[in-house]
Amino acid sequence: MQFDKELQGIRTVAIAGHIRPDGDSVGACIGLWHYIRDNFPQIQADMWLEKPDEKFSVLSGYERISQAGAKKEAYDLFVAVDCASYDRLGDAAAYFDCAGKTICVDHHISNEGYAGINVIDADASSTCEVLCRMMDPEKISSEAATALYTGIAHDTGVFQYSCTSPDTMRMAAMLMEKGIPCSHILEETFYKKTYRQNQILGKALLESMRILDGRGIVSVVRRKELAFFGVTPVDLDGIVSQLKMTEGVEVAIFLYETDNLEYKVSLRSKDTVDVNEVASYFGGGGHVRAAGVTMKGTFHDIVNNLTLHIEHQLMEQKEQ
Ligand code: 5GP
Ligand code: MN
């Protein structure tokens, strides 16, 4: 599908990502927003997204992201990017509901296709990679390219994770040729950590526990600790990836407390375990090697429930 075609006759567009937006969600929103503004100036395009981390303010267009509120507007077109399910649209769902046409561009294997038109490629590294393919490369400005590159870089762990394909690299190369500040973007949005972020990372690593005979690792951050270190959930980005790097570990589990007896769970696997299957069982979703879910219960109950499923997969694999 080519985006240019879908924009014919459209006067207003709403672009939205998922709640607690990550680099791919932010990059996809801003990249598509620039693409429309640069090439279809007659179209009014708005971005509705939960406030992303300040570090993404290096992307031009960041300041034009708004938080969905009281203003109700029936857009001709609503584009959901990187959002695996309707409920993860957050407040932007109000615009989805009354839009003339809805498109979802995504790469989550758990996405069942909730929009009118669904472009879901579970083999793609990132939504930004899928978006690039839908755009005319000639029409991608350096601003759009910078945002799209950011999304690809974040979802591939800077071209490291197994979702990185030759196509991913070709797309990244095409974007690089637009003359974008790659190193600066990676430094500012991916590698740089605040002092507090490093402190909470250090605490999570120090207190992590090995489970499943060393094939699993788990750590948790509680609300009172968030308060003590003066951090918010966006500051916890990257902890689960660091846990996964532990030698011998196949699955990393990271939890943070969101409410009384409620935790947001992040799951990562290295080579064999399908963590999307585990997260989906409990009502979440994501990808085969990276998934998430919100669960209710005590820390120990949640970890026990998760490990039961992970152990089951590990046993089955052993038998094969
Ligand atoms: P993270 O662990 O970084 O929050 O998320 C890992 C992946 O799983 C991301 O692609 C994210 O979109 C997805 N994900 C995280 N939490 C949920 C959830 O509660 N529901 C669904 N469907 N996907 C999730
Ligand atoms: Mn993504």
# chains A, B, ... in the order shown; residues from 1 in each chain; ligands from 1
>>> closest_atom_pairs(of="chain A", to="ligand 2", cutoff="7 Å", atoms="only C-alpha atoms and all ligand atoms", output="JSON lines")
{"residue": "A:Asp24", "atom": "CA", "partner": "ligand 2", "partner_atom_place_in_ligand_line": "1 (Mn)", "distance": 4.8}
{"residue": "A:Ser25", "atom": "CA", "partner": "ligand 2", "partner_atom_place_in_ligand_line": "1 (Mn)", "distance": 6.2}
{"residue": "A:Asp82", "atom": "CA", "partner": "ligand 2", "partner_atom_place_in_ligand_line": "1 (Mn)", "distance": 5.1}
{"residue": "A:His107", "atom": "CA", "partner": "ligand 2", "partner_atom_place_in_ligand_line": "1 (Mn)", "distance": 6.5}
{"residue": "A:Ser126", "atom": "CA", "partner": "ligand 2", "partner_atom_place_in_ligand_line": "1 (Mn)", "distance": 4.7}
{"residue": "A:Thr127", "atom": "CA", "partner": "ligand 2", "partner_atom_place_in_ligand_line": "1 (Mn)", "distance": 5.2}
{"residue": "A:Asp155", "atom": "CA", "partner": "ligand 2", "partner_atom_place_in_ligand_line": "1 (Mn)", "distance": 5.8}
>>> write_last_selection(atoms="N, CA, C and O atoms", output="short mmCIF file (atom, residue, chain, number, x, y, z; two decimals), in the first residue's frame")
data_model
loop_
_atom_site.label_atom_id
_atom_site.label_comp_id
_atom_site.auth_asym_id
_atom_site.auth_seq_id
_atom_site.Cartn_x
_atom_site.Cartn_y
_atom_site.Cartn_z
N ASP A 24 10.01 4.01 18.58
CA ASP A 24 9.36 3.66 17.31
C ASP A 24 8.03 4.39 17.17
O ASP A 24 7.69 4.90 16.10
N SER A 25 7.30 4.46 18.26
CA SER A 25 6.00 5.14 18.23
C SER A 25 6.18 6.65 17.95
O SER A 25 5.48 7.23 17.11
N ASP A 82 2.24 1.81 15.16
CA ASP A 82 2.92 1.07 16.22
C ASP A 82 2.01 0.71 17.39
O ASP A 82 2.49 0.44 18.48
N HIS A 107 3.75 -3.50 13.39
CA HIS A 107 4.58 -4.70 13.21
C HIS A 107 4.45 -5.65 14.40
O HIS A 107 5.33 -6.51 14.58
N SER A 126 10.37 -2.69 12.74
CA SER A 126 9.76 -1.55 13.41
C SER A 126 8.61 -1.02 12.55
O SER A 126 8.56 -1.29 11.34
N THR A 127 7.76 -0.24 13.18
CA THR A 127 6.70 0.40 12.40
C THR A 127 7.32 1.39 11.42
O THR A 127 6.83 1.57 10.30
N ASP A 155 13.89 0.28 17.89
CA ASP A 155 13.27 -1.05 17.94
C ASP A 155 14.23 -2.18 17.57
O ASP A 155 13.94 -3.34 17.82
#
>>> residues_around(residues="A:Leu32", least_positions_apart="4", cutoff="8 Å", atoms="only C-alpha atoms", output="short mmCIF file (atom, residue, chain, number, x, y, z; two decimals) with N, CA, C and O atoms, in the first residue's frame")
data_model
loop_
_atom_site.label_atom_id
_atom_site.label_comp_id
_atom_site.auth_asym_id
_atom_site.auth_seq_id
_atom_site.Cartn_x
_atom_site.Cartn_y
_atom_site.Cartn_z
N ILE A 15 -2.83 11.54 13.64
CA ILE A 15 -1.82 10.48 13.75
C ILE A 15 -1.64 10.17 15.22
O ILE A 15 -1.49 11.08 16.04
N ALA A 28 7.59 7.16 14.37
CA ALA A 28 6.58 6.90 13.34
C ALA A 28 5.59 8.07 13.25
O ALA A 28 5.24 8.52 12.15
N ILE A 36 3.51 14.09 5.47
CA ILE A 36 2.25 14.68 5.01
C ILE A 36 2.41 16.19 4.85
O ILE A 36 2.03 16.77 3.83
N LEU A 131 6.49 1.90 7.54
CA LEU A 131 6.08 3.21 7.02
C LEU A 131 6.95 3.63 5.84
O LEU A 131 6.45 4.15 4.83
N ALA A 144 11.81 14.15 8.21
CA ALA A 144 11.04 12.90 8.28
C ALA A 144 12.00 11.73 8.44
O ALA A 144 11.79 10.83 9.27
#
>>> closest_residue(among="A:Phe40, A:Phe78, A:Tyr86, A:Tyr114", to="A:Val13", atoms="only C-alpha atoms")
A:Phe78
>>> select_by_dssp(residues="stretch 12-252 of chain A", states="alpha helix (DSSP H)", output="number ranges by chain")
A: 23-39, 93-97, 127-134, 142-155, 166-176, 182-186, 195-206, 223-229, 239-244
>>> select_by_dssp(residues="stretch 207-248 of chain A", states="strand (DSSP E or B)", output="MDAnalysis selection string")
chainID A and resid 209:211 216:221
>>> residues_near_ligand(ligand="ligand 1", cutoff="8 Å", atoms="only C-alpha atoms and all ligand atoms", output="JSON, numbers by chain")
{"A": [18, 20, 22, 82, 83, 84, 85, 88, 108, 110, 111, 237, 240, 264, 265, 266, 267, 268, 276, 279, 280, 283, 284, 285, 286, 287, 290, 291, 292, 293, 294]}
>>> write_last_selection(atoms="C-alpha atoms", output="compact mmCIF listing (two decimals), in the first residue's frame")
# COMPACT_ATOMS: atom_id res chain seq x y z
CA HIS A 18 0.52 3.82 21.66
CA ARG A 20 3.75 5.14 27.04
CA ASP A 22 8.67 4.43 22.78
CA ASP A 82 2.92 1.07 16.22
CA CYS A 83 -0.21 0.45 18.25
CA ALA A 84 -1.00 -3.25 18.67
CA SER A 85 -4.54 -2.92 19.94
CA ARG A 88 -3.45 1.02 23.64
CA HIS A 108 3.22 -6.39 16.34
CA SER A 110 -0.35 -9.74 18.40
CA ASN A 111 -2.16 -7.09 16.31
CA ASP A 237 13.44 2.06 29.61
CA VAL A 240 14.98 -5.24 30.78
CA LYS A 264 3.59 -3.56 34.32
CA VAL A 265 5.63 -6.49 33.06
CA SER A 266 8.29 -6.41 30.33
CA LEU A 267 9.50 -9.66 28.84
CA ARG A 268 12.51 -10.24 26.59
CA ASN A 276 4.45 -12.79 22.95
CA ALA A 279 2.18 -12.00 27.44
CA SER A 280 -0.85 -12.71 25.23
CA GLY A 283 -3.94 -10.21 28.10
CA GLY A 284 -0.88 -8.36 26.79
CA GLY A 285 1.11 -8.81 23.61
CA GLY A 286 4.00 -7.55 21.53
CA HIS A 287 6.63 -9.48 19.61
CA ALA A 290 9.86 -8.53 23.27
CA ALA A 291 6.44 -8.31 24.84
CA GLY A 292 4.57 -6.68 27.68
CA VAL A 293 1.50 -7.00 29.84
CA THR A 294 -0.08 -5.44 32.91
>>> residues_around(residues="A:Ile10", least_positions_apart="6", cutoff="10 Å", atoms="only C-alpha atoms", output="list in words")
Phe40, Gln42, Ile43, Gln44, Tyr75, Asp76, Leu77, Gly100 and Lys101 of chain A
>>> write_last_selection(atoms="all heavy atoms", output="mmCIF file, in the first residue's frame")
data_model
loop_
_atom_site.group_PDB
_atom_site.id
_atom_site.type_symbol
_atom_site.label_atom_id
_atom_site.label_comp_id
_atom_site.auth_asym_id
_atom_site.auth_seq_id
_atom_site.Cartn_x
_atom_site.Cartn_y
_atom_site.Cartn_z
ATOM 1 N N PHE A 40 1.960 17.279 1.204
ATOM 2 C CA PHE A 40 0.525 17.549 1.028
ATOM 3 C C PHE A 40 0.145 18.733 1.909
ATOM 4 O O PHE A 40 -0.601 18.584 2.879
ATOM 5 C CB PHE A 40 -0.297 16.300 1.400
ATOM 6 C CG PHE A 40 0.100 15.064 0.638
ATOM 7 C CD1 PHE A 40 1.128 14.239 1.098
ATOM 8 C CD2 PHE A 40 -0.543 14.727 -0.554
ATOM 9 C CE1 PHE A 40 1.510 13.111 0.390
ATOM 10 C CE2 PHE A 40 -0.171 13.599 -1.265
ATOM 11 C CZ PHE A 40 0.858 12.797 -0.797
ATOM 12 N N GLN A 42 -1.864 20.992 1.724
ATOM 13 C CA GLN A 42 -3.295 21.300 1.861
ATOM 14 C C GLN A 42 -3.963 20.482 2.968
ATOM 15 O O GLN A 42 -5.072 20.795 3.393
ATOM 16 C CB GLN A 42 -4.014 21.085 0.516
ATOM 17 C CG GLN A 42 -4.229 19.632 0.091
ATOM 18 C CD GLN A 42 -2.972 18.950 -0.480
ATOM 19 O OE1 GLN A 42 -1.872 19.485 -0.424
ATOM 20 N NE2 GLN A 42 -3.154 17.756 -1.019
ATOM 21 N N ILE A 43 -3.279 19.432 3.435
ATOM 22 C CA ILE A 43 -3.860 18.568 4.479
ATOM 23 C C ILE A 43 -3.442 19.075 5.862
ATOM 24 O O ILE A 43 -2.273 19.357 6.109
ATOM 25 C CB ILE A 43 -3.405 17.097 4.304
ATOM 26 C CG1 ILE A 43 -3.894 16.542 2.956
ATOM 27 C CG2 ILE A 43 -3.915 16.227 5.454
ATOM 28 C CD1 ILE A 43 -3.449 15.102 2.670
ATOM 29 N N GLN A 44 -4.419 19.141 6.762
ATOM 30 C CA GLN A 44 -4.112 19.492 8.151
ATOM 31 C C GLN A 44 -3.819 18.194 8.908
ATOM 32 O O GLN A 44 -4.678 17.312 8.991
ATOM 33 C CB GLN A 44 -5.309 20.211 8.782
ATOM 34 C CG GLN A 44 -5.101 20.554 10.252
ATOM 35 C CD GLN A 44 -6.400 20.579 11.036
ATOM 36 O OE1 GLN A 44 -7.421 21.032 10.525
ATOM 37 N NE2 GLN A 44 -6.368 20.089 12.269
ATOM 38 N N TYR A 75 -11.933 13.637 12.201
ATOM 39 C CA TYR A 75 -10.929 13.694 11.133
ATOM 40 C C TYR A 75 -11.377 12.854 9.940
ATOM 41 O O TYR A 75 -12.071 11.853 10.096
ATOM 42 C CB TYR A 75 -9.594 13.155 11.646
ATOM 43 C CG TYR A 75 -8.889 14.086 12.606
ATOM 44 C CD1 TYR A 75 -9.081 13.971 13.973
ATOM 45 C CD2 TYR A 75 -8.032 15.069 12.141
ATOM 46 C CE1 TYR A 75 -8.440 14.825 14.862
ATOM 47 C CE2 TYR A 75 -7.371 15.927 13.030
ATOM 48 C CZ TYR A 75 -7.583 15.795 14.379
ATOM 49 O OH TYR A 75 -6.936 16.632 15.259
ATOM 50 N N ASP A 76 -10.924 13.273 8.749
ATOM 51 C CA ASP A 76 -11.207 12.470 7.549
ATOM 52 C C ASP A 76 -10.488 11.129 7.657
ATOM 53 O O ASP A 76 -10.992 10.095 7.243
ATOM 54 C CB ASP A 76 -10.688 13.185 6.277
ATOM 55 C CG ASP A 76 -11.479 14.451 5.988
ATOM 56 O OD1 ASP A 76 -12.600 14.586 6.534
ATOM 57 O OD2 ASP A 76 -10.973 15.300 5.227
ATOM 58 N N LEU A 77 -9.272 11.202 8.216
ATOM 59 C CA LEU A 77 -8.454 9.988 8.310
ATOM 60 C C LEU A 77 -7.755 9.919 9.666
ATOM 61 O O LEU A 77 -7.233 10.920 10.153
ATOM 62 C CB LEU A 77 -7.398 10.004 7.188
ATOM 63 C CG LEU A 77 -6.322 8.921 7.207
ATOM 64 C CD1 LEU A 77 -6.907 7.533 7.013
ATOM 65 C CD2 LEU A 77 -5.253 9.200 6.140
ATOM 66 N N GLY A 100 -13.452 9.393 9.542
ATOM 67 C CA GLY A 100 -14.079 8.902 8.319
ATOM 68 C C GLY A 100 -13.455 7.587 7.869
ATOM 69 O O GLY A 100 -14.144 6.680 7.402
ATOM 70 N N LYS A 101 -12.114 7.524 8.007
ATOM 71 C CA LYS A 101 -11.392 6.341 7.553
ATOM 72 C C LYS A 101 -10.282 6.055 8.567
ATOM 73 O O LYS A 101 -9.704 6.998 9.126
ATOM 74 C CB LYS A 101 -10.780 6.683 6.185
ATOM 75 C CG LYS A 101 -10.024 5.586 5.508
ATOM 76 C CD LYS A 101 -9.861 5.905 4.008
ATOM 77 C CE LYS A 101 -8.440 6.259 3.661
ATOM 78 N NZ LYS A 101 -8.174 6.415 2.234
#
>>> residues_around(residues="stretch 3-5 of chain A", least_positions_apart="2", cutoff="10 Å", atoms="only C-alpha atoms", output="list in words")
Met1, Leu7, Gln8, Gly9, Leu32, Tyr35, Ile36, Asn39, Phe40, Leu131, Cys132, Arg133, Met134, Met135 and Asp136 of chain A
>>> residues_around(residues="stretch 220-223 of chain A", least_positions_apart="2", cutoff="12 Å", atoms="only C-alpha atoms", output="PyMOL selection string")
chain A and resi 199-209+217-218+225-233+235-236+239-240+243+252-266+298-300+302-303
>>> write_last_selection(atoms="N, CA and C atoms", output="compact mmCIF listing (two decimals), in the first residue's frame")
# COMPACT_ATOMS: atom_id res chain seq x y z
N GLN A 199 20.96 5.37 38.22
CA GLN A 199 20.82 4.89 39.59
C GLN A 199 19.77 3.79 39.69
N ILE A 200 18.62 4.01 39.08
CA ILE A 200 17.54 3.02 39.18
C ILE A 200 17.90 1.76 38.39
N LEU A 201 18.63 1.95 37.28
CA LEU A 201 19.13 0.79 36.52
C LEU A 201 20.07 -0.04 37.41
N GLY A 202 20.98 0.66 38.08
CA GLY A 202 21.93 -0.02 38.95
C GLY A 202 21.23 -0.78 40.07
N LYS A 203 20.22 -0.17 40.63
CA LYS A 203 19.48 -0.81 41.72
C LYS A 203 18.77 -2.07 41.19
N ALA A 204 18.14 -1.93 40.02
CA ALA A 204 17.42 -3.07 39.45
C ALA A 204 18.37 -4.22 39.13
N LEU A 205 19.56 -3.91 38.67
CA LEU A 205 20.54 -4.96 38.35
C LEU A 205 21.06 -5.61 39.63
N LEU A 206 21.36 -4.76 40.61
CA LEU A 206 21.90 -5.25 41.88
C LEU A 206 20.94 -6.21 42.56
N GLU A 207 19.67 -5.90 42.48
CA GLU A 207 18.67 -6.70 43.20
C GLU A 207 18.02 -7.77 42.32
N SER A 208 18.52 -7.95 41.11
CA SER A 208 17.92 -8.95 40.22
C SER A 208 18.18 -10.35 40.75
N MET A 209 17.30 -11.26 40.39
CA MET A 209 17.44 -12.65 40.85
C MET A 209 17.43 -13.58 39.66
N ILE A 217 15.93 -14.34 34.43
CA ILE A 217 16.35 -13.34 35.41
C ILE A 217 15.17 -12.39 35.62
N VAL A 218 15.01 -11.95 36.86
CA VAL A 218 13.86 -11.09 37.16
C VAL A 218 14.28 -9.96 38.09
N GLU A 225 10.01 3.20 45.45
CA GLU A 225 11.38 3.36 44.94
C GLU A 225 11.42 4.39 43.79
N LEU A 226 10.38 4.36 42.98
CA LEU A 226 10.28 5.37 41.92
C LEU A 226 10.31 6.76 42.56
N ALA A 227 9.52 6.90 43.62
CA ALA A 227 9.44 8.19 44.31
C ALA A 227 10.78 8.54 44.94
N PHE A 228 11.41 7.56 45.59
CA PHE A 228 12.68 7.81 46.27
C PHE A 228 13.76 8.30 45.30
N PHE A 229 13.81 7.66 44.13
CA PHE A 229 14.84 8.04 43.15
C PHE A 229 14.39 9.20 42.25
N GLY A 230 13.14 9.62 42.43
CA GLY A 230 12.62 10.74 41.64
C GLY A 230 12.53 10.41 40.16
N VAL A 231 12.09 9.19 39.86
CA VAL A 231 11.96 8.79 38.46
C VAL A 231 10.52 8.38 38.14
N THR A 232 10.22 8.33 36.84
CA THR A 232 8.91 7.89 36.39
C THR A 232 9.11 6.67 35.48
N PRO A 233 8.02 5.98 35.12
CA PRO A 233 8.19 4.76 34.30
C PRO A 233 9.03 4.95 33.03
N ASP A 235 11.68 6.41 32.72
CA ASP A 235 13.08 6.30 33.11
C ASP A 235 13.55 4.85 33.26
N LEU A 236 12.62 3.93 33.16
CA LEU A 236 12.96 2.51 33.35
C LEU A 236 13.27 1.82 32.03
N ILE A 239 16.06 -1.17 31.09
CA ILE A 239 16.47 -2.05 32.20
C ILE A 239 16.33 -3.51 31.78
N VAL A 240 15.21 -3.83 31.15
CA VAL A 240 14.98 -5.24 30.78
C VAL A 240 16.00 -5.72 29.74
N LEU A 243 19.15 -6.55 31.59
CA LEU A 243 19.00 -7.82 32.29
C LEU A 243 19.20 -8.99 31.33
N ALA A 252 14.36 -12.53 30.20
CA ALA A 252 14.45 -11.51 31.24
C ALA A 252 13.05 -10.97 31.53
N ILE A 253 12.77 -10.82 32.82
CA ILE A 253 11.47 -10.29 33.24
C ILE A 253 11.72 -9.05 34.09
N PHE A 254 11.09 -7.96 33.72
CA PHE A 254 11.20 -6.76 34.55
C PHE A 254 9.81 -6.26 34.86
N LEU A 255 9.57 -5.95 36.14
CA LEU A 255 8.25 -5.46 36.56
C LEU A 255 8.40 -4.12 37.25
N TYR A 256 7.43 -3.24 37.06
CA TYR A 256 7.35 -2.09 37.95
C TYR A 256 5.90 -1.94 38.41
N GLU A 257 5.81 -1.52 39.66
CA GLU A 257 4.49 -1.43 40.28
C GLU A 257 3.74 -0.22 39.74
N THR A 258 2.52 -0.44 39.28
CA THR A 258 1.73 0.67 38.74
C THR A 258 0.62 1.08 39.71
N ASP A 259 0.20 0.14 40.54
CA ASP A 259 -0.88 0.39 41.48
C ASP A 259 -0.77 -0.66 42.59
N ASN A 260 -1.68 -0.59 43.55
CA ASN A 260 -1.67 -1.59 44.59
C ASN A 260 -1.95 -2.97 43.97
N LEU A 261 -1.02 -3.89 44.12
CA LEU A 261 -1.15 -5.24 43.54
C LEU A 261 -1.33 -5.21 42.03
N GLU A 262 -0.66 -4.28 41.37
CA GLU A 262 -0.70 -4.23 39.90
C GLU A 262 0.69 -3.88 39.37
N TYR A 263 1.15 -4.63 38.40
CA TYR A 263 2.50 -4.42 37.86
C TYR A 263 2.48 -4.40 36.34
N LYS A 264 3.34 -3.52 35.77
CA LYS A 264 3.59 -3.56 34.32
C LYS A 264 4.78 -4.51 34.14
N VAL A 265 4.60 -5.47 33.27
CA VAL A 265 5.63 -6.49 33.06
C VAL A 265 6.26 -6.34 31.68
N SER A 266 7.58 -6.38 31.61
CA SER A 266 8.29 -6.41 30.33
C SER A 266 9.00 -7.74 30.22
N THR A 298 0.38 -10.22 43.63
CA THR A 298 1.63 -9.90 44.31
C THR A 298 2.78 -10.16 43.34
N PHE A 299 3.92 -9.59 43.64
CA PHE A 299 5.11 -9.80 42.80
C PHE A 299 5.37 -11.29 42.64
N HIS A 300 5.32 -12.03 43.74
CA HIS A 300 5.65 -13.45 43.68
C HIS A 300 4.65 -14.25 42.87
N ILE A 302 2.80 -13.16 40.40
CA ILE A 302 2.98 -12.81 38.99
C ILE A 302 4.18 -13.55 38.40
N VAL A 303 5.29 -13.50 39.12
CA VAL A 303 6.50 -14.17 38.62
C VAL A 303 6.28 -15.67 38.52
>>> closest_residue(among="A:Ser57, A:Thr156, A:Thr194, A:Gln2", to="A:Val105", atoms="only C-alpha atoms")
A:Gln2
